[in-house]
Every structure is written in structure tokens, then in C-alpha cells.
$ cat model-v8.cif   # mmCIF, C-alpha atoms and all ligand atoms
data_target
loop_
_atom_site.label_atom_id
_atom_site.label_comp_id
_atom_site.auth_asym_id
_atom_site.auth_seq_id
_atom_site.Cartn_x
_atom_site.Cartn_y
_atom_site.Cartn_z
CA MET A 5 101.59 93.40 127.90
CA ASP A 6 102.24 95.70 124.98
CA THR A 7 100.31 98.96 125.34
CA ASN A 8 100.14 102.11 123.27
CA GLU A 9 100.47 105.71 124.46
CA ASN A 10 96.85 105.71 125.70
CA GLY A 11 97.51 102.66 127.87
CA VAL A 12 95.45 100.50 125.52
CA SER A 13 96.57 96.92 125.00
CA MET A 14 97.91 96.45 121.48
CA ASP A 15 98.10 92.73 122.05
CA ALA A 16 95.75 91.03 119.56
CA GLU A 17 94.29 88.76 122.25
CA HIS A 18 93.32 91.58 124.62
CA PHE A 19 92.29 94.01 121.96
CA SER A 20 88.71 95.21 121.56
CA VAL A 21 87.94 96.24 118.00
CA ALA A 22 84.67 97.91 119.09
CA GLU A 23 86.52 100.12 121.61
CA ALA A 24 89.23 100.93 119.11
CA LEU A 25 86.66 101.86 116.48
CA GLU A 26 84.90 104.16 118.92
CA ARG A 27 88.15 105.96 119.77
CA ILE A 28 89.05 106.29 116.10
CA GLN A 29 85.60 107.64 115.22
CA GLY A 30 86.06 110.23 117.97
CA ALA A 31 89.42 111.30 116.56
CA VAL A 32 87.97 111.44 113.04
CA ALA A 33 85.05 113.59 114.24
CA GLN A 34 87.49 115.97 115.94
CA ALA A 35 89.65 116.26 112.82
CA CYS A 36 86.54 116.82 110.68
CA ALA A 37 85.35 119.59 113.01
CA LYS A 38 88.77 121.22 112.84
CA ALA A 39 88.74 121.12 109.04
CA GLY A 40 85.07 122.07 108.60
CA ARG A 41 84.25 118.69 107.06
CA SER A 42 81.36 116.33 107.67
CA VAL A 43 82.14 112.91 109.19
CA GLY A 44 80.00 111.33 106.49
CA GLU A 45 82.76 112.13 103.99
CA VAL A 46 85.22 109.79 105.70
CA THR A 47 85.08 105.98 105.52
CA ILE A 48 87.28 103.74 107.63
CA ILE A 49 88.74 100.73 105.85
CA GLY A 50 89.77 97.93 108.21
CA VAL A 51 93.09 96.58 107.00
CA THR A 52 92.99 92.92 108.01
CA LYS A 53 96.22 91.63 106.47
CA THR A 54 97.72 88.81 108.59
CA HIS A 55 94.51 88.62 110.67
CA GLY A 56 92.00 85.82 110.24
CA PRO A 57 88.24 85.84 109.51
CA GLU A 58 87.42 85.98 113.26
CA VAL A 59 88.89 89.49 113.37
CA VAL A 60 86.79 90.48 110.36
CA ARG A 61 83.71 89.11 112.13
CA GLU A 62 84.44 91.14 115.26
CA ALA A 63 84.86 94.27 113.15
CA VAL A 64 81.64 93.64 111.20
CA GLU A 65 79.83 93.25 114.53
CA ALA A 66 81.35 96.57 115.64
CA GLY A 67 79.90 98.21 112.53
CA LEU A 68 82.75 98.21 110.01
CA ARG A 69 81.65 97.59 106.40
CA VAL A 70 84.78 98.02 104.26
CA PHE A 71 87.97 95.99 104.52
CA GLY A 72 91.34 96.20 102.82
CA GLU A 73 93.89 93.55 101.96
CA ASN A 74 97.29 94.06 100.39
CA LYS A 75 97.87 90.60 98.92
CA VAL A 76 95.58 88.81 96.47
CA GLN A 77 96.37 85.27 97.62
CA GLU A 78 95.88 86.04 101.28
CA ALA A 79 92.56 87.75 100.51
CA ALA A 80 91.43 84.84 98.35
CA ALA A 81 92.01 82.45 101.25
CA LYS A 82 90.30 84.72 103.78
CA ILE A 83 87.30 86.30 102.08
CA PRO A 84 85.20 83.14 101.63
CA GLY A 85 85.35 82.57 105.41
CA CYS A 86 84.10 86.07 106.25
CA VAL A 87 80.45 86.58 107.11
CA GLY A 88 78.31 89.70 106.86
CA GLY A 89 79.10 90.51 103.23
CA PRO A 90 81.60 93.34 103.71
CA GLU A 91 83.15 95.15 100.75
CA TRP A 92 86.80 94.32 100.00
CA HIS A 93 89.35 96.75 98.60
CA LEU A 94 92.82 95.89 97.29
CA ILE A 95 95.28 98.37 98.79
CA GLY A 96 98.63 96.71 98.01
CA HIS A 97 100.75 96.39 94.89
CA LEU A 98 99.09 94.30 92.17
CA GLN A 99 101.09 92.13 89.81
CA ARG A 100 99.73 91.79 86.31
CA ASN A 101 99.52 87.99 86.53
CA LYS A 102 97.14 88.35 89.51
CA VAL A 103 94.72 90.80 87.89
CA ARG A 104 92.09 88.20 87.01
CA HIS A 105 92.04 86.89 90.54
CA ALA A 106 92.01 90.42 91.98
CA LEU A 107 89.10 91.67 89.88
CA ALA A 108 87.01 88.70 90.97
CA LEU A 109 87.54 89.64 94.64
CA PHE A 110 87.78 93.43 94.79
CA PRO A 111 85.32 96.00 93.37
CA VAL A 112 87.78 98.76 94.31
CA ILE A 113 91.52 98.79 93.58
CA HIS A 114 93.55 101.52 95.32
CA SER A 115 96.92 100.59 93.85
CA LEU A 116 96.91 101.19 90.11
CA ASP A 117 100.49 102.31 89.51
CA SER A 118 101.42 101.75 85.87
CA LEU A 119 100.11 101.91 82.32
CA ARG A 120 100.81 98.21 81.76
CA LEU A 121 98.75 97.32 84.82
CA ALA A 122 95.89 99.55 83.60
CA GLU A 123 95.98 97.83 80.20
CA GLN A 124 95.88 94.39 81.78
CA MET A 125 93.02 95.41 84.09
CA GLU A 126 91.02 96.79 81.17
CA ARG A 127 91.55 93.60 79.17
CA VAL A 128 90.54 91.28 82.00
CA ALA A 129 87.62 93.49 83.09
CA GLU A 130 86.26 93.35 79.53
CA GLU A 131 86.67 89.56 79.32
CA ASP A 132 85.22 88.80 82.74
CA GLY A 133 82.55 91.49 82.89
CA HIS A 134 83.91 93.50 85.83
CA ARG A 135 83.58 97.26 86.24
CA PRO A 136 86.15 98.05 88.93
CA ARG A 137 86.55 101.44 90.54
CA VAL A 138 90.25 102.35 90.47
CA LEU A 139 92.47 104.83 92.26
CA LEU A 140 95.85 105.91 90.95
CA GLU A 141 98.55 105.29 93.54
CA ILE A 142 100.85 108.30 93.50
CA ASN A 143 104.33 108.48 94.95
CA VAL A 144 104.06 112.03 96.25
CA SER A 145 107.19 112.17 98.34
CA GLY A 146 109.32 110.85 95.50
CA GLU A 147 112.21 109.43 97.53
CA ALA A 148 112.38 106.43 99.85
CA SER A 149 109.38 104.34 98.87
CA LYS A 150 109.19 102.85 95.42
CA ASP A 151 105.41 102.43 95.68
CA GLY A 152 103.26 104.42 93.33
CA LEU A 153 103.47 106.40 90.17
CA HIS A 154 105.57 109.54 89.93
CA PRO A 155 103.18 112.49 89.36
CA GLU A 156 104.95 113.35 86.10
CA ARG A 157 104.28 109.88 84.75
CA ALA A 158 100.61 109.91 85.71
CA PRO A 159 99.21 111.68 82.61
CA GLU A 160 99.85 108.71 80.29
CA VAL A 161 97.89 106.47 82.65
CA ILE A 162 95.16 109.09 83.08
CA ASP A 163 94.76 109.41 79.30
CA TYR A 164 94.34 105.66 79.14
CA LEU A 165 91.78 105.65 81.97
CA MET A 166 89.80 108.46 80.34
CA ALA A 167 89.38 106.28 77.25
CA SER A 168 88.76 103.05 79.16
CA ARG A 169 85.37 101.35 78.87
CA ASN A 170 85.55 99.16 81.95
CA LEU A 171 87.67 100.98 84.54
CA THR A 172 86.16 103.88 86.47
CA TRP A 173 88.82 106.27 87.74
CA THR A 174 87.55 107.83 90.97
CA GLY A 175 90.56 109.19 92.82
CA LEU A 176 94.08 108.95 94.20
CA MET A 177 95.89 106.97 96.86
CA THR A 178 99.23 107.51 98.56
CA LEU A 179 101.39 105.93 101.21
CA ALA A 180 103.10 108.56 103.33
CA PRO A 181 106.58 107.62 104.54
CA PHE A 182 106.44 106.54 108.18
CA CYS A 183 107.47 109.42 110.46
CA PRO A 184 107.50 109.38 114.27
CA ASP A 185 105.87 112.82 114.08
CA PRO A 186 102.68 112.49 111.99
CA GLU A 187 102.73 116.23 111.25
CA GLN A 188 105.55 115.44 108.83
CA ALA A 189 103.09 113.55 106.66
CA ARG A 190 100.86 116.61 106.25
CA PRO A 191 102.64 118.03 103.17
CA VAL A 192 102.35 114.63 101.47
CA PHE A 193 98.58 114.53 102.05
CA ALA A 194 98.16 118.17 101.02
CA ARG A 195 100.08 117.49 97.82
CA LEU A 196 97.87 114.50 96.94
CA ARG A 197 94.78 116.68 97.41
CA GLU A 198 96.30 119.40 95.21
CA LEU A 199 97.06 116.86 92.47
CA ARG A 200 93.46 115.65 92.71
CA ASP A 201 92.12 119.20 92.39
CA ARG A 202 94.40 119.91 89.45
CA TRP A 203 93.55 116.74 87.53
CA GLU A 204 89.83 117.25 88.15
CA ARG A 205 90.15 120.61 86.41
CA GLU A 206 92.51 119.45 83.65
CA TYR A 207 90.53 116.35 82.73
CA GLY A 208 87.04 117.59 83.60
CA VAL A 209 86.27 114.61 85.83
CA GLY A 210 85.09 114.16 89.41
CA LEU A 211 87.65 112.44 91.64
CA PRO A 212 85.90 112.08 94.99
CA ASP A 213 88.19 109.43 96.47
CA LEU A 214 91.34 110.33 98.41
CA SER A 215 92.77 107.20 100.04
CA MET A 216 95.36 108.44 102.51
CA GLY A 217 96.11 108.12 106.20
CA MET A 218 97.09 105.06 108.22
CA SER A 219 97.12 104.26 111.94
CA ASN A 220 99.92 106.65 112.73
CA ASP A 221 98.71 109.72 110.87
CA TYR A 222 94.99 109.43 110.03
CA PRO A 223 93.77 112.56 111.91
CA ILE A 224 96.18 114.66 109.83
CA ALA A 225 95.00 112.91 106.66
CA VAL A 226 91.38 113.77 107.55
CA GLU A 227 92.31 117.41 108.07
CA GLU A 228 93.87 117.37 104.60
CA GLY A 229 90.83 115.85 102.87
CA ALA A 230 91.09 112.05 103.12
CA THR A 231 87.87 110.19 102.30
CA TRP A 232 89.22 106.67 102.87
CA LEU A 233 91.41 105.84 105.86
CA ARG A 234 93.31 102.56 105.70
CA LEU A 235 93.64 101.44 109.31
CA GLY A 236 95.24 98.24 110.54
CA THR A 237 97.09 98.51 113.84
CA ALA A 238 94.85 101.21 115.32
CA LEU A 239 91.78 99.02 114.79
CA PHE A 240 93.09 95.51 115.35
CA GLY A 241 96.19 95.86 117.51
CA ASN A 242 99.62 94.66 116.55
CA ARG A 243 99.69 92.31 113.60
CA PRO A 244 100.43 88.69 114.45
CA LYS A 245 104.01 87.81 113.61
CA TRP A 246 102.97 84.67 111.82
CA ARG A 247 100.57 84.63 108.94
CA PRO A 248 97.36 82.69 109.59
CA MET A 249 97.03 82.24 105.85
CA ALA A 250 100.44 81.04 104.76
CA VAL A 251 101.11 82.67 101.41
CA ASP A 252 104.12 83.32 99.26
CA GLU A 253 105.46 86.81 99.21
CA GLU A 254 104.07 88.53 96.15
C1 LIG A 301 99.20 97.64 106.15
C2 LIG A 301 98.72 98.77 105.34
C3 LIG A 301 97.96 99.80 105.92
C4 LIG A 301 97.60 99.84 107.39
O1 LIG A 301 98.73 100.09 108.17
P1 LIG A 301 98.60 100.45 109.73
O2 LIG A 301 99.78 101.30 109.99
O3 LIG A 301 98.63 99.17 110.47
O4 LIG A 301 97.32 101.19 109.91
C5 LIG A 301 97.51 100.81 105.09
N1 LIG A 301 97.79 100.83 103.77
C6 LIG A 301 98.51 99.86 103.17
C7 LIG A 301 98.78 99.94 101.71
C8 LIG A 301 99.00 98.80 103.93
O5 LIG A 301 99.73 97.83 103.33
#

$ encode --input "model-v8.cif" --output "C-alpha cells"
Amino acid sequence: MDTNENGVSMDAEHFSVAEALERIQGAVAQACAKAGRSVGEVTIIGVTKTHGPEVVREAVEAGLRVFGENKVQEAAAKIPGCVGGPEWHLIGHLQRNKVRHALALFPVIHSLDSLRLAEQMERVAEEDGHRPRVLLEINVSGEASKDGLHPERAPEVIDYLMASRNLTWTGLMTLAPFCPDPEQARPVFARLRELRDRWEREYGVGLPDLSMGMSNDYPIAVEEGATWLRLGTALFGNRPKWRPMAVDEE
């Protein structure tokens, strides 16, 4: 059986979401205490990609209320089968031809990463009567990953969002590069928080949402100010190799 460093089974079949959630809440509370923050500032998003509705049900029963998916088609197939009325966030890259579908499913989009995408979202939101909350996805570390907007290119998107009627810009998201030592992600999280503080001042807006931290590094992200943790493996065990909802790669 596949176990993690705490001797906990990471095998989906033997995995208890309730126990995992309790452990994670403990680690979040500890990180909050260390940073002088209140636990109420931090919301755990259960990232259920590749898992089926039965996993969502188990998590809802354990007390989780917010879920994240990274692909529109997979979410569209899954969400109708999920009970308990959780809130769904899109956390993965969004293609412009999937915006209409995405806005119908997700009240919060973490992955706005270009001006053209913002323009398409504004157009569709106006037509379909949606008022999504959006986060700018920033590529803080610059190198390796191609996800997210370079900080220097953000102002043109921010100017657009400031003038937008239908999109509400509430914060920033980043994906830290995977490092065996989570401490290495700390400068990335700190930099995202600094960008948030700077743009709040420059644009005179409140940006309460900082979506950063995944299974490997979330306590560090909390210490650096995260308000939304996107947790998959830590909550649900290893992802199944096969996809319960067969979908094309987007
Ligand atoms: C899959 C995914 C996560 C969760 O990853 P884990 O390491 O399993 O916690 C978080 N954010 C995004 C954008 C993802 O695609």
C-alpha cells in the first residue's frame, strides 16, 4: 500500500477524507498561529480533478464547501452528479472557446491570464448575465512554468478589469514550481502577496483573495498570506490514473 511520510494510506480506496481534512485543518491552524493570522481567513478548496462525485460527497459530508476543477468539460460532466450544493471554482487554464460553458458552472475563476481572455469573459458575462469573481493568475517565478501572466504584463489586464462592468477582480493566484523542499516556494508566495499589496495601493482596490498553496506547500503558503488553498492529493489521496470522466485534453 502506498503511504505518505505520516504513514497514512494515499491509496484512494483506503483514504479517509474526513481524517485528512482534520490533519490539514490542524496544520493550517498551526501555520496561522505562527503568522499571527486567524484561521477564518483561510478556506480550503478541494481539488477533485480525476475523482468522481462520490469523492465530492464524502468531502461535503466531512464539511468541505468549496471545490476546484481544472478542466471545464470534466467539471461539466461531474457537477450535476454532486449533491449538497457546493461552490465550484475553476483553477486551471481557460480557453476562450470554453468561456461560456465555464461562466455557467463557476462563480469564481482563478486563472485569468490574458487580456484576450478577460475581453471574452466580459462579453459572455454581459450576454449571459453572469457576474464572476476573477483572480489574475501570475507567473511569479518567471521560468519553468508557462502558466500565468508575467507581472510586467499584468497592468494592461488590470486596466481592463478596472473598467469592466461584469467582472469583479478580487485577487491573485499563482502556481509555485514543485520543489521537494516546500521552503523553496516561500519566496514565490511572498512575491505574490507583495504584488497584491502594491496593486491594491496603485489601483485603490481591495484584493482580499490570494489563491496559493497546494498539497506539498500549503503551510508555507498560509504563513505568507494565502486565503485559498487548492488541495488535491492531501485531501483525497493519489489521483486515479484513469479519468472517471473521459475528456479530451484541453
Ligand atoms: C491539481 C491542482 C492543484 C492541486 O494539486 P495537489 O498537489 O494535488 O494538491 C492545485 N492547483 C491547480 C491549478 C491544480 O491543477

$ residues_near_ligand --input "model-v8.cif" --ligand "ligand LIG 301 (chain A)" --cutoff "7 Å" --atoms "only C-alpha atoms and all ligand atoms" --output "number ranges by chain"
A: 51, 53, 74, 95-96, 179, 218-220, 234-238

$ closest_residue --input "model-v8.cif" --among "A:Asp151, A:Glu73, A:Glu26, A:Glu78" --to "Glu91 in chain A" --atoms "all atoms listed in the file"
A:Glu73

$ closest_residue --input "model-v8.cif" --among "A:Gly229, A:Gly85, A:Pro186, A:Gly133" --to "Glu58 in chain A" --atoms "all atoms listed in the file"
A:Gly85

$ atom_distance --input "model-v8.cif" --atom1 "CA of Glu187 in chain A" --atom2 "CA of Ile224 in chain A"
6.9 Å

$ atom_distance --input "model-v8.cif" --atom1 "CA of Leu94 in chain A" --atom2 "CA of Ala129 in chain A"
15.3 Å

$ atom_distance --input "model-v8.cif" --atom1 "CA of Met125 in chain A" --atom2 "CA of Lys75 in chain A"
16.3 Å

$ residues_near_point --input "model-v8.cif" --point "(92.3, 107.5, 104.8)" --cutoff "6 Å" --atoms "all atoms listed in the file" --output "PyMOL selection string"
chain A and resi 215-217+230-234

$ write_last_selection --input "model-v8.cif" --atoms "C-alpha atoms" --output "compact mmCIF listing (two decimals), in the frame of the given file"
# COMPACT_ATOMS: atom_id res chain seq x y z
CA SER A 215 92.77 107.20 100.04
CA MET A 216 95.36 108.44 102.51
CA GLY A 217 96.11 108.12 106.20
CA ALA A 230 91.09 112.05 103.12
CA THR A 231 87.87 110.19 102.30
CA TRP A 232 89.22 106.67 102.87
CA LEU A 233 91.41 105.84 105.86
CA ARG A 234 93.31 102.56 105.70

$ closest_residue --input "model-v8.cif" --among "A:Arg205, A:Arg127, A:Arg135, A:His114" --to "Arg100 in chain A" --atoms "only C-alpha atoms"
A:Arg127

$ closest_residue --input "model-v8.cif" --among "A:His97, A:Pro184, A:Val138, A:Trp173" --to "Gly152 in chain A" --atoms "all atoms listed in the file"
A:His97

$ residues_around --input "model-v8.cif" --residues "Gln124 in chain A" --least-positions-apart "2" --cutoff "9 Å" --atoms "all atoms listed in the file" --output "PyMOL selection string"
chain A and resi 100-101+103-104+119-122+126-129

$ residues_around --input "model-v8.cif" --residues "Arg195 in chain A" --least-positions-apart "4" --cutoff "10 Å" --atoms "all atoms listed in the file" --output "short mmCIF file (atom, residue, chain, number, x, y, z; two decimals) with C-alpha atoms, in the frame of the given file"
data_model
loop_
_atom_site.label_atom_id
_atom_site.label_comp_id
_atom_site.auth_asym_id
_atom_site.auth_seq_id
_atom_site.Cartn_x
_atom_site.Cartn_y
_atom_site.Cartn_z
CA VAL A 144 104.06 112.03 96.25
CA SER A 145 107.19 112.17 98.34
CA ARG A 190 100.86 116.61 106.25
CA PRO A 191 102.64 118.03 103.17
CA LEU A 199 97.06 116.86 92.47
CA ARG A 200 93.46 115.65 92.71
CA ASP A 201 92.12 119.20 92.39
CA GLU A 228 93.87 117.37 104.60
#

$ closest_residue --input "model-v8.cif" --among "A:Leu165, A:Leu107, A:Val46, A:Ile83" --to "Pro136 in chain A" --atoms "all atoms listed in the file"
A:Leu107

$ residues_around --input "model-v8.cif" --residues "Ala39 in chain A" --least-positions-apart "2" --cutoff "9 Å" --atoms "only C-alpha atoms" --output "list in words"
Gln34, Ala35, Cys36, Ala37, Arg41, Ser42, Val226, Glu227, Glu228 and Gly229 of chain A

$ closest_residue --input "model-v8.cif" --among "A:Ala167, A:Val43, A:Leu176, A:Ala158" --to "Gly30 in chain A" --atoms "only C-alpha atoms"
A:Val43

$ decode --input "model-v8.cif" --residues "range 144-181 of chain A" --atoms "N, CA and C atoms" --output "PDB file, in the first residue's frame"
ATOM      1  N   VAL A 144       4.861  34.138 -11.110  1.00  0.00           N
ATOM      2  CA  VAL A 144       5.791  34.874 -10.254  1.00  0.00           C
ATOM      3  C   VAL A 144       7.227  34.450 -10.504  1.00  0.00           C
ATOM      4  N   SER A 145       7.418  33.137 -10.648  1.00  0.00           N
ATOM      5  CA  SER A 145       8.789  32.639 -10.729  1.00  0.00           C
ATOM      6  C   SER A 145       9.378  32.864 -12.118  1.00  0.00           C
ATOM      7  N   GLY A 146       8.530  33.194 -13.084  1.00  0.00           N
ATOM      8  CA  GLY A 146       9.061  33.535 -14.400  1.00  0.00           C
ATOM      9  C   GLY A 146       9.428  32.337 -15.246  1.00  0.00           C
ATOM     10  N   GLU A 147      10.382  31.550 -14.782  1.00  0.00           N
ATOM     11  CA  GLU A 147      10.935  30.471 -15.629  1.00  0.00           C
ATOM     12  C   GLU A 147       9.964  29.319 -15.903  1.00  0.00           C
ATOM     13  N   ALA A 148      10.458  28.151 -15.722  1.00  0.00           N
ATOM     14  CA  ALA A 148       9.833  26.850 -15.978  1.00  0.00           C
ATOM     15  C   ALA A 148       8.384  26.868 -16.478  1.00  0.00           C
ATOM     16  N   SER A 149       7.461  27.200 -15.600  1.00  0.00           N
ATOM     17  CA  SER A 149       6.058  27.041 -15.982  1.00  0.00           C
ATOM     18  C   SER A 149       5.626  28.171 -16.916  1.00  0.00           C
ATOM     19  N   LYS A 150       4.781  27.832 -17.854  1.00  0.00           N
ATOM     20  CA  LYS A 150       4.275  28.841 -18.771  1.00  0.00           C
ATOM     21  C   LYS A 150       2.922  29.370 -18.284  1.00  0.00           C
ATOM     22  N   ASP A 151       2.431  28.827 -17.149  1.00  0.00           N
ATOM     23  CA  ASP A 151       1.127  29.255 -16.652  1.00  0.00           C
ATOM     24  C   ASP A 151       1.199  30.651 -16.075  1.00  0.00           C
ATOM     25  N   GLY A 152       0.221  31.463 -16.405  1.00  0.00           N
ATOM     26  CA  GLY A 152       0.095  32.742 -15.731  1.00  0.00           C
ATOM     27  C   GLY A 152       0.718  33.890 -16.487  1.00  0.00           C
ATOM     28  N   LEU A 153       0.337  35.049 -16.028  1.00  0.00           N
ATOM     29  CA  LEU A 153       0.710  36.298 -16.667  1.00  0.00           C
ATOM     30  C   LEU A 153       1.988  36.816 -16.029  1.00  0.00           C
ATOM     31  N   HIS A 154       2.923  37.261 -16.845  1.00  0.00           N
ATOM     32  CA  HIS A 154       4.127  37.885 -16.298  1.00  0.00           C
ATOM     33  C   HIS A 154       3.718  39.173 -15.575  1.00  0.00           C
ATOM     34  N   PRO A 155       4.282  39.440 -14.391  1.00  0.00           N
ATOM     35  CA  PRO A 155       3.857  40.637 -13.637  1.00  0.00           C
ATOM     36  C   PRO A 155       3.924  41.926 -14.455  1.00  0.00           C
ATOM     37  N   GLU A 156       4.907  42.025 -15.362  1.00  0.00           N
ATOM     38  CA  GLU A 156       5.019  43.252 -16.153  1.00  0.00           C
ATOM     39  C   GLU A 156       3.897  43.408 -17.172  1.00  0.00           C
ATOM     40  N   ARG A 157       3.259  42.286 -17.509  1.00  0.00           N
ATOM     41  CA  ARG A 157       2.172  42.361 -18.484  1.00  0.00           C
ATOM     42  C   ARG A 157       0.804  42.489 -17.815  1.00  0.00           C
ATOM     43  N   ALA A 158       0.800  42.440 -16.483  1.00  0.00           N
ATOM     44  CA  ALA A 158      -0.473  42.483 -15.767  1.00  0.00           C
ATOM     45  C   ALA A 158      -1.202  43.828 -15.889  1.00  0.00           C
ATOM     46  N   PRO A 159      -0.484  44.971 -15.865  1.00  0.00           N
ATOM     47  CA  PRO A 159      -1.217  46.247 -15.853  1.00  0.00           C
ATOM     48  C   PRO A 159      -2.237  46.417 -16.975  1.00  0.00           C
ATOM     49  N   GLU A 160      -1.971  45.909 -18.178  1.00  0.00           N
ATOM     50  CA  GLU A 160      -2.961  46.100 -19.247  1.00  0.00           C
ATOM     51  C   GLU A 160      -4.239  45.319 -18.942  1.00  0.00           C
ATOM     52  N   VAL A 161      -4.086  44.165 -18.288  1.00  0.00           N
ATOM     53  CA  VAL A 161      -5.275  43.391 -17.926  1.00  0.00           C
ATOM     54  C   VAL A 161      -5.984  44.057 -16.744  1.00  0.00           C
ATOM     55  N   ILE A 162      -5.190  44.587 -15.813  1.00  0.00           N
ATOM     56  CA  ILE A 162      -5.785  45.259 -14.645  1.00  0.00           C
ATOM     57  C   ILE A 162      -6.579  46.487 -15.095  1.00  0.00           C
ATOM     58  N   ASP A 163      -6.014  47.268 -16.011  1.00  0.00           N
ATOM     59  CA  ASP A 163      -6.746  48.441 -16.511  1.00  0.00           C
ATOM     60  C   ASP A 163      -8.093  48.021 -17.101  1.00  0.00           C
ATOM     61  N   TYR A 164      -8.059  46.908 -17.832  1.00  0.00           N
ATOM     62  CA  TYR A 164      -9.302  46.416 -18.428  1.00  0.00           C
ATOM     63  C   TYR A 164     -10.300  46.008 -17.347  1.00  0.00           C
ATOM     64  N   LEU A 165      -9.797  45.290 -16.317  1.00  0.00           N
ATOM     65  CA  LEU A 165     -10.686  44.830 -15.245  1.00  0.00           C
ATOM     66  C   LEU A 165     -11.271  46.005 -14.465  1.00  0.00           C
ATOM     67  N   MET A 166     -10.473  47.054 -14.286  1.00  0.00           N
ATOM     68  CA  MET A 166     -10.956  48.215 -13.533  1.00  0.00           C
ATOM     69  C   MET A 166     -12.138  48.871 -14.243  1.00  0.00           C
ATOM     70  N   ALA A 167     -12.157  48.750 -15.585  1.00  0.00           N
ATOM     71  CA  ALA A 167     -13.232  49.375 -16.350  1.00  0.00           C
ATOM     72  C   ALA A 167     -14.375  48.400 -16.642  1.00  0.00           C
ATOM     73  N   SER A 168     -14.190  47.145 -16.273  1.00  0.00           N
ATOM     74  CA  SER A 168     -15.178  46.121 -16.617  1.00  0.00           C
ATOM     75  C   SER A 168     -16.466  46.272 -15.809  1.00  0.00           C
ATOM     76  N   ARG A 169     -17.591  46.007 -16.452  1.00  0.00           N
ATOM     77  CA  ARG A 169     -18.883  46.105 -15.757  1.00  0.00           C
ATOM     78  C   ARG A 169     -19.270  44.795 -15.095  1.00  0.00           C
ATOM     79  N   ASN A 170     -18.807  43.688 -15.644  1.00  0.00           N
ATOM     80  CA  ASN A 170     -19.334  42.388 -15.212  1.00  0.00           C
ATOM     81  C   ASN A 170     -18.348  41.507 -14.460  1.00  0.00           C
ATOM     82  N   LEU A 171     -17.054  41.823 -14.570  1.00  0.00           N
ATOM     83  CA  LEU A 171     -16.053  41.008 -13.881  1.00  0.00           C
ATOM     84  C   LEU A 171     -15.610  41.733 -12.613  1.00  0.00           C
ATOM     85  N   THR A 172     -15.581  41.012 -11.500  1.00  0.00           N
ATOM     86  CA  THR A 172     -15.112  41.611 -10.251  1.00  0.00           C
ATOM     87  C   THR A 172     -13.745  41.032  -9.918  1.00  0.00           C
ATOM     88  N   TRP A 173     -12.742  41.887  -9.989  1.00  0.00           N
ATOM     89  CA  TRP A 173     -11.365  41.450  -9.717  1.00  0.00           C
ATOM     90  C   TRP A 173     -11.133  41.464  -8.210  1.00  0.00           C
ATOM     91  N   THR A 174     -10.849  40.281  -7.638  1.00  0.00           N
ATOM     92  CA  THR A 174     -10.734  40.203  -6.178  1.00  0.00           C
ATOM     93  C   THR A 174      -9.378  39.684  -5.686  1.00  0.00           C
ATOM     94  N   GLY A 175      -8.453  39.372  -6.588  1.00  0.00           N
ATOM     95  CA  GLY A 175      -7.174  38.902  -6.057  1.00  0.00           C
ATOM     96  C   GLY A 175      -6.285  38.236  -7.081  1.00  0.00           C
ATOM     97  N   LEU A 176      -5.314  37.500  -6.575  1.00  0.00           N
ATOM     98  CA  LEU A 176      -4.262  36.892  -7.395  1.00  0.00           C
ATOM     99  C   LEU A 176      -4.122  35.403  -7.083  1.00  0.00           C
ATOM    100  N   MET A 177      -3.678  34.684  -8.089  1.00  0.00           N
ATOM    101  CA  MET A 177      -3.408  33.253  -7.937  1.00  0.00           C
ATOM    102  C   MET A 177      -2.034  32.954  -8.509  1.00  0.00           C
ATOM    103  N   THR A 178      -1.344  31.978  -7.918  1.00  0.00           N
ATOM    104  CA  THR A 178      -0.109  31.507  -8.549  1.00  0.00           C
ATOM    105  C   THR A 178       0.064  30.020  -8.309  1.00  0.00           C
ATOM    106  N   LEU A 179       0.832  29.427  -9.194  1.00  0.00           N
ATOM    107  CA  LEU A 179       1.253  28.027  -9.068  1.00  0.00           C
ATOM    108  C   LEU A 179       2.752  28.075  -8.787  1.00  0.00           C
ATOM    109  N   ALA A 180       3.153  27.627  -7.615  1.00  0.00           N
ATOM    110  CA  ALA A 180       4.586  27.587  -7.334  1.00  0.00           C
ATOM    111  C   ALA A 180       5.175  26.369  -8.035  1.00  0.00           C
ATOM    112  N   PRO A 181       6.410  26.489  -8.544  1.00  0.00           N
ATOM    113  CA  PRO A 181       7.027  25.297  -9.139  1.00  0.00           C
ATOM    114  C   PRO A 181       7.148  24.215  -8.069  1.00  0.00           C
TER     115      PRO A 181
END
